[in-house]
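J.: For reference, the structure I am asking about is given below.
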Amino acid sequence: MSYNVSPVGFVRSCFKEKFAIPRQPQLAPAARGVLELVAPFDKGEAVQGLEQVSHVWLLFLFHQALEDKPRLKVRPPRLGGNTSMGVFATRATHRPNGIGQSVVKLDNVEAGRLWISGIDLLDGTPVLDIKPYVPYADIIDTATNDVASAAPQLIGVQWLKTALQQAQGHAQRLDEPLVELIEQCLAQDPRPAYQVPTSEREYGAQFWDVDVRWHYPEPGMICVLEVLPAQ
Ligand code: SAM
């Protein structure tokens with residue numbers, strides 16, 4: 001049996017590639033985007049009342065991780081990429097039907113557009129549905145999860161003076177909290193857990209329209225080297 005679903009909109013996101021996106025929402029509050037609704041949901045009626053809501057659940061497609069063959073076990077990056085686990089015990093992107101879910105902050109609402117932040121979504125992500133977060137039902141004080149018991153431990157982020165100036169310039173041009181975005185995302189340590197970085201090895205990722213490059217001068221510490229217009 002199969003059912004058809006079609007997106008109600010697409011996310012325009014600060015994240016242009018998968019690498020360096022936080023592993024869950026809310027970990028980088030400066031991660032912002034716009035959910036652009038498509039017809040017929042781009043009319044004001046569809047979002048009427050949402051201005052009374054601070055956060056929404058987004059159900060979306062991991063459109064850049066879709067697979068034909070279902071996996072029963074996955075190797076979540078959080079567990080170092082070496083330990084496999086039942087797909088339903090994880091929030092891995094490779095999963096049946098490729099459906100993701102994130103609670104995001106709703107910063108502004110207008111007909112056809114929702115401004116959202118704290119996102120963990122790639123640019124172009126198709127959104128299947130939007131539902132208001134309902135604190136009395138969605139907060140479970142007694143909930144536990146021994147697979148993912150706490151947010152990832154943060155590491156220190158330093159800047160070369162020139163890199164910070166570059167980021168501040170682009171932040172002003174973009175009118176976005178770019179310095180905070182870079183610090184919040186890199187502090188999660190985007191590098192795969194199994195990869196031990198040498199101080200010479202450089203990493204990079206695109207945020208908005210800039211390429212950010214960094215290295216690890218010592219274990220557990222990132223230094224941002226440059227923030228340049230993306231090629
Ligand atoms: N909060 C969601 C969930 O639990 O279903 C997503 C969790 S998943 C572990 C987060 C990762 O998904 C991000 O770090 C990013 O690399 C990846 N991602 C985000 N949007 C994606 C997309 N549209 N297609 C493929 N991967 C995506």
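Chain labels A, B, ... are given in the sequence in which chains occur in the structure tokens; within each chain residues are numbered consecutively from 1, and ligands are likewise numbered from 1 in the order shown.
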Can you tell me which residues come within 6 Å of ligand 1 when counting only C-alpha atoms and all ligand atoms, ideally as a list in words?
T.: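 I would give the residues around ligand 1 as Lys18, Phe19, Ile21, Pro22, Arg23, Gln24, Pro25, Leu61, Phe62, His63, Gln64, Ala65, Arg91, Ala92, Thr93, Gly100, Gln101, Ser102, Asp120, Leu121, Leu122 and Thr125 of chain A.
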J.: Write out as a ChimeraX atom specification the residues lying within 9 Å of Val147 of chain A, counting only C-alpha atoms and excluding same-chain residues fewer than 4 positions away.
T.: /A:79,89-90
J.: Given the choices A:Phe15, A:Tyr136, A:Phe60, A:Trp115, which gets closest to Val212 of chain A if the distance is worked out from only C-alpha atoms?
T.: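 Nearest candidate to Val212 of chain A out of A:Phe15, A:Tyr136, A:Phe60, A:Trp115: A:Phe15.
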J.: For the structure I just gave you, how does DSSP split segment 30-184 of chain A - specifically, which residues are strand (DSSP E)? Reply as number ranges by chain.
T.: A: 32-37, 55-61, 73-74, 85-86, 99-110, 113-117, 126-132, 156-159
J.: Mind the document's chain letters and residue numbers, and return as a tab-separated table (two decimals) with C-alpha atoms, in the first residue's frame the residues of segment 105-156 of chain A that DSSP labels helix (DSSP H, G or I).
T.:
chain	number	residue	atom	x	y	z
A	135	PRO	CA	3.73	22.63	25.91
A	136	TYR	CA	1.25	20.84	28.18
A	137	ALA	CA	1.29	17.78	25.96
A	138	ASP	CA	4.76	17.92	24.38
J.: I'd like the contact shell of Leu50 of chain A - 10 Å cut-off, only C-alpha atoms, skipping same-chain residues fewer than 6 positions apart - returned as a list in words.
T.: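 Here the qualifying residues turn out to be Val56, Leu106, Asn108, Val109, Glu110, Leu114, Lys131 and Pro132 of chain A.
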J.: May I ask which of the residues A:Ala39, A:Leu181, A:Val227, A:Leu128 is the closest one to Gly98 of chain A, counting only C-alpha atoms?
T.: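 Using only C-alpha atoms, Gly98 of chain A sits closest to A:Leu128.
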J.: Would you kindly return, as an MDAnalysis selection string, each protein, DNA or RNA residue with an atom no farther than 10 Å from any atom of Gln184 of chain A, considering only C-alpha atoms and excluding same-chain residues fewer than 3 positions away?
T.: chainID A and resid 22 27:31 154:155 157 178:181 187:189
J.: Would you mind exporting all heavy atoms of the selected residues as a JSON list (two decimals), in the first residue's frame?
T.:
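Output file out_33.json follows:
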[["chain", "number", "residue", "atom", "x", "y", "z"],
["A", 22, "PRO", "N", 23.78, 21.50, 13.14],
["A", 22, "PRO", "CA", 23.62, 20.82, 14.43],
["A", 22, "PRO", "C", 22.78, 19.55, 14.28],
["A", 22, "PRO", "O", 21.97, 19.43, 13.36],
["A", 22, "PRO", "CB", 22.90, 21.86, 15.29],
["A", 22, "PRO", "CG", 23.18, 23.17, 14.63],
["A", 22, "PRO", "CD", 23.31, 22.89, 13.17],
["A", 27, "LEU", "N", 19.89, 23.74, 19.18],
["A", 27, "LEU", "CA", 21.29, 23.76, 19.61],
["A", 27, "LEU", "C", 21.99, 25.02, 19.12],
["A", 27, "LEU", "O", 22.97, 25.46, 19.70],
["A", 27, "LEU", "CB", 22.02, 22.50, 19.12],
["A", 27, "LEU", "CG", 21.48, 21.17, 19.69],
["A", 27, "LEU", "CD1", 22.16, 19.98, 19.03],
["A", 27, "LEU", "CD2", 21.67, 21.12, 21.20],
["A", 28, "ALA", "N", 21.49, 25.59, 18.03],
["A", 28, "ALA", "CA", 22.05, 26.84, 17.51],
["A", 28, "ALA", "C", 20.89, 27.83, 17.32],
["A", 28, "ALA", "O", 20.29, 27.88, 16.24],
["A", 28, "ALA", "CB", 22.80, 26.61, 16.19],
["A", 29, "PRO", "N", 20.60, 28.62, 18.35],
["A", 29, "PRO", "CA", 19.47, 29.56, 18.23],
["A", 29, "PRO", "C", 19.67, 30.58, 17.11],
["A", 29, "PRO", "O", 18.69, 31.11, 16.58],
["A", 29, "PRO", "CB", 19.47, 30.27, 19.60],
["A", 29, "PRO", "CG", 20.20, 29.35, 20.53],
["A", 29, "PRO", "CD", 21.20, 28.60, 19.69],
["A", 30, "ALA", "N", 20.93, 30.84, 16.70],
["A", 30, "ALA", "CA", 21.17, 31.82, 15.63],
["A", 30, "ALA", "C", 20.97, 31.23, 14.23],
["A", 30, "ALA", "O", 21.16, 31.92, 13.23],
["A", 30, "ALA", "CB", 22.58, 32.40, 15.75],
["A", 31, "ALA", "N", 20.62, 29.94, 14.17],
["A", 31, "ALA", "CA", 20.38, 29.30, 12.87],
["A", 31, "ALA", "C", 18.98, 29.66, 12.40],
["A", 31, "ALA", "O", 17.99, 29.22, 12.98],
["A", 31, "ALA", "CB", 20.53, 27.78, 13.00],
["A", 154, "LEU", "N", 30.04, 20.87, 24.42],
["A", 154, "LEU", "CA", 30.55, 21.93, 23.54],
["A", 154, "LEU", "C", 32.06, 22.03, 23.63],
["A", 154, "LEU", "O", 32.65, 21.74, 24.68],
["A", 154, "LEU", "CB", 29.92, 23.27, 23.93],
["A", 154, "LEU", "CG", 28.39, 23.34, 23.86],
["A", 154, "LEU", "CD1", 27.90, 24.73, 24.21],
["A", 154, "LEU", "CD2", 27.89, 22.92, 22.48],
["A", 155, "ILE", "N", 32.68, 22.45, 22.53],
["A", 155, "ILE", "CA", 34.11, 22.71, 22.58],
["A", 155, "ILE", "C", 34.35, 24.20, 22.37],
["A", 155, "ILE", "O", 33.47, 24.93, 21.91],
["A", 155, "ILE", "CB", 34.91, 21.86, 21.55],
["A", 155, "ILE", "CG1", 34.55, 22.25, 20.13],
["A", 155, "ILE", "CG2", 34.66, 20.38, 21.76],
["A", 155, "ILE", "CD1", 35.50, 21.61, 19.12],
["A", 157, "VAL", "N", 35.62, 27.76, 20.85],
["A", 157, "VAL", "CA", 35.80, 28.31, 19.50],
["A", 157, "VAL", "C", 36.54, 29.65, 19.62],
["A", 157, "VAL", "O", 36.07, 30.56, 20.30],
["A", 157, "VAL", "CB", 34.44, 28.53, 18.80],
["A", 157, "VAL", "CG1", 34.65, 29.14, 17.41],
["A", 157, "VAL", "CG2", 33.66, 27.22, 18.69],
["A", 178, "LEU", "N", 25.68, 36.21, 12.17],
["A", 178, "LEU", "CA", 26.59, 35.23, 11.58],
["A", 178, "LEU", "C", 27.67, 34.77, 12.56],
["A", 178, "LEU", "O", 28.02, 33.58, 12.59],
["A", 178, "LEU", "CB", 27.23, 35.82, 10.31],
["A", 178, "LEU", "CG", 28.17, 34.90, 9.56],
["A", 178, "LEU", "CD1", 27.44, 33.70, 8.97],
["A", 178, "LEU", "CD2", 28.90, 35.67, 8.45],
["A", 179, "VAL", "N", 28.21, 35.70, 13.36],
["A", 179, "VAL", "CA", 29.27, 35.32, 14.31],
["A", 179, "VAL", "C", 28.72, 34.30, 15.30],
["A", 179, "VAL", "O", 29.32, 33.25, 15.55],
["A", 179, "VAL", "CB", 29.82, 36.57, 15.05],
["A", 179, "VAL", "CG1", 30.79, 36.17, 16.14],
["A", 179, "VAL", "CG2", 30.47, 37.52, 14.05],
["A", 180, "GLU", "N", 27.53, 34.57, 15.82],
["A", 180, "GLU", "CA", 26.89, 33.65, 16.77],
["A", 180, "GLU", "C", 26.60, 32.31, 16.09],
["A", 180, "GLU", "O", 26.81, 31.24, 16.67],
["A", 180, "GLU", "CB", 25.58, 34.24, 17.32],
["A", 180, "GLU", "CG", 25.75, 35.47, 18.19],
["A", 180, "GLU", "CD", 25.95, 36.77, 17.40],
["A", 180, "GLU", "OE1", 26.06, 36.73, 16.16],
["A", 180, "GLU", "OE2", 26.00, 37.84, 18.03],
["A", 181, "LEU", "N", 26.10, 32.38, 14.85],
["A", 181, "LEU", "CA", 25.78, 31.14, 14.12],
["A", 181, "LEU", "C", 27.03, 30.26, 14.00],
["A", 181, "LEU", "O", 26.98, 29.05, 14.29],
["A", 181, "LEU", "CB", 25.23, 31.48, 12.73],
["A", 181, "LEU", "CG", 24.96, 30.29, 11.81],
["A", 181, "LEU", "CD1", 23.83, 29.42, 12.37],
["A", 181, "LEU", "CD2", 24.61, 30.76, 10.40],
["A", 187, "ALA", "N", 30.90, 25.00, 17.89],
["A", 187, "ALA", "CA", 31.05, 24.51, 19.27],
["A", 187, "ALA", "C", 30.48, 23.10, 19.45],
["A", 187, "ALA", "O", 30.83, 22.38, 20.38],
["A", 187, "ALA", "CB", 30.36, 25.48, 20.24],
["A", 188, "GLN", "N", 29.61, 22.69, 18.50],
["A", 188, "GLN", "CA", 29.07, 21.31, 18.55],
["A", 188, "GLN", "C", 30.11, 20.30, 18.05],
["A", 188, "GLN", "O", 29.86, 19.11, 18.08],
["A", 188, "GLN", "CB", 27.85, 21.16, 17.63],
["A", 188, "GLN", "CG", 26.82, 22.26, 17.68],
["A", 188, "GLN", "CD", 25.90, 22.11, 18.85],
["A", 188, "GLN", "OE1", 25.58, 20.98, 19.22],
["A", 188, "GLN", "NE2", 25.48, 23.20, 19.43],
["A", 189, "ASP", "N", 31.21, 20.82, 17.49],
["A", 189, "ASP", "CA", 32.24, 20.00, 16.86],
["A", 189, "ASP", "C", 31.68, 19.11, 15.73],
["A", 189, "ASP", "O", 31.37, 17.93, 15.94],
["A", 189, "ASP", "CB", 32.97, 19.11, 17.88],
["A", 189, "ASP", "CG", 34.25, 18.56, 17.28],
["A", 189, "ASP", "OD1", 34.54, 18.86, 16.10],
["A", 189, "ASP", "OD2", 34.97, 17.83, 18.00]]
J.: Quick one: distance from atom CA of His215 of chain A to atom CA of Pro76 of chain A in Å, one decimal?
T.: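 A separation of 23.6 Å between them.
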J.: Can you tell me which residues surround segment 203-210 of chain A at a distance of at most 10 Å, considering only C-alpha atoms, apart from same-chain residues fewer than 3 positions away, and format the answer as a PyMOL selection string?
T.: chain A and resi 12-21+31-33+123+166-167+170-171+174+176+178+181-182+185-186+190-191+197+200+213-216+224-231
J.: Residues of the last selection are to be written out with N, CA and C atoms, as a compact mmCIF listing (two decimals), in the first residue's frame.
T.:
# COMPACT_ATOMS: atom_id res chain seq x y z
N ARG A 12 14.11 27.94 3.24
CA ARG A 12 15.31 28.67 2.83
C ARG A 12 16.13 28.82 4.10
N SER A 13 17.29 28.17 4.13
CA SER A 13 18.02 28.01 5.38
C SER A 13 19.42 28.61 5.30
N CYS A 14 19.97 28.94 6.47
CA CYS A 14 21.37 29.38 6.55
C CYS A 14 22.32 28.24 6.20
N PHE A 15 21.82 26.99 6.23
CA PHE A 15 22.70 25.83 6.02
C PHE A 15 22.63 25.37 4.56
N LYS A 16 23.74 25.48 3.85
CA LYS A 16 23.76 25.15 2.43
C LYS A 16 24.35 23.78 2.17
N GLU A 17 24.87 23.14 3.19
CA GLU A 17 25.37 21.76 3.05
C GLU A 17 25.14 21.05 4.38
N LYS A 18 25.17 19.71 4.34
CA LYS A 18 24.81 18.95 5.55
C LYS A 18 25.86 19.10 6.66
N PHE A 19 27.14 19.17 6.24
CA PHE A 19 28.22 19.23 7.23
C PHE A 19 28.08 20.50 8.07
N ALA A 20 28.20 20.36 9.36
CA ALA A 20 28.19 21.47 10.34
C ALA A 20 26.78 21.91 10.74
N ILE A 21 25.74 21.24 10.22
CA ILE A 21 24.40 21.51 10.74
C ILE A 21 24.30 20.82 12.11
N ALA A 31 20.62 29.94 14.17
CA ALA A 31 20.38 29.30 12.87
C ALA A 31 18.98 29.66 12.40
N ARG A 32 18.93 30.49 11.36
CA ARG A 32 17.63 31.03 10.96
C ARG A 32 17.28 30.65 9.53
N GLY A 33 16.01 30.77 9.23
CA GLY A 33 15.57 30.50 7.87
C GLY A 33 14.15 30.97 7.68
N ASP A 123 19.12 23.85 3.41
CA ASP A 123 18.43 24.70 2.44
C ASP A 123 17.67 23.82 1.43
N GLN A 166 36.15 39.53 9.20
CA GLN A 166 35.43 39.11 7.97
C GLN A 166 34.00 38.71 8.33
N ALA A 167 33.84 37.93 9.40
CA ALA A 167 32.50 37.45 9.80
C ALA A 167 31.61 38.63 10.19
N HIS A 170 30.40 40.36 7.02
CA HIS A 170 29.34 39.61 6.33
C HIS A 170 28.04 39.61 7.15
N ALA A 171 28.17 39.61 8.46
CA ALA A 171 26.97 39.64 9.32
C ALA A 171 26.18 40.92 9.05
N LEU A 174 24.58 40.74 5.57
CA LEU A 174 23.46 39.79 5.50
C LEU A 174 22.33 40.16 6.45
N GLU A 176 22.33 39.28 9.57
CA GLU A 176 22.13 38.00 10.24
C GLU A 176 23.15 37.86 11.38
N LEU A 178 25.68 36.21 12.17
CA LEU A 178 26.59 35.23 11.58
C LEU A 178 27.67 34.77 12.56
N LEU A 181 26.10 32.38 14.85
CA LEU A 181 25.78 31.14 14.12
C LEU A 181 27.03 30.26 14.00
N ILE A 182 28.13 30.86 13.58
CA ILE A 182 29.36 30.09 13.40
C ILE A 182 29.81 29.52 14.74
N CYS A 185 27.47 26.66 15.93
CA CYS A 185 27.56 25.42 15.15
C CYS A 185 28.91 24.74 15.35
N LEU A 186 29.99 25.52 15.33
CA LEU A 186 31.31 24.89 15.47
C LEU A 186 31.52 24.36 16.89
N PRO A 190 31.53 19.71 14.53
CA PRO A 190 30.89 19.00 13.41
C PRO A 190 31.67 17.80 12.90
N ARG A 191 32.96 17.75 13.19
CA ARG A 191 33.82 16.66 12.70
C ARG A 191 33.27 15.30 13.14
N PRO A 197 41.52 14.96 14.41
CA PRO A 197 42.10 15.96 13.52
C PRO A 197 43.53 16.33 13.92
N GLU A 200 47.14 20.51 11.40
CA GLU A 200 47.29 21.02 10.02
C GLU A 200 45.99 20.89 9.23
N ARG A 213 36.26 28.51 7.22
CA ARG A 213 37.31 27.49 7.35
C ARG A 213 37.85 27.53 8.77
N TRP A 214 38.14 26.34 9.31
CA TRP A 214 38.65 26.26 10.68
C TRP A 214 39.61 25.09 10.81
N HIS A 215 40.35 25.07 11.93
CA HIS A 215 41.17 23.90 12.24
C HIS A 215 41.15 23.69 13.75
N TYR A 216 41.81 22.62 14.17
CA TYR A 216 41.85 22.26 15.60
C TYR A 216 43.30 22.45 16.08
N VAL A 224 38.78 29.55 14.12
CA VAL A 224 38.24 29.94 12.82
C VAL A 224 39.32 30.71 12.07
N LEU A 225 39.61 30.24 10.84
CA LEU A 225 40.75 30.79 10.08
C LEU A 225 40.32 31.87 9.10
N GLU A 226 39.19 31.64 8.43
CA GLU A 226 38.72 32.66 7.48
C GLU A 226 37.24 32.50 7.17
N VAL A 227 36.63 33.60 6.78
CA VAL A 227 35.21 33.64 6.41
C VAL A 227 35.12 34.44 5.12
N LEU A 228 35.01 33.72 4.01
CA LEU A 228 35.12 34.37 2.70
C LEU A 228 33.87 34.10 1.86
N PRO A 229 33.59 34.95 0.88
CA PRO A 229 32.43 34.69 0.02
C PRO A 229 32.53 33.30 -0.60
N ALA A 230 31.41 32.57 -0.63
CA ALA A 230 31.42 31.20 -1.17
C ALA A 230 31.73 31.26 -2.65
N GLN A 231 32.47 30.25 -3.13
CA GLN A 231 32.84 30.19 -4.56
C GLN A 231 31.65 29.74 -5.38
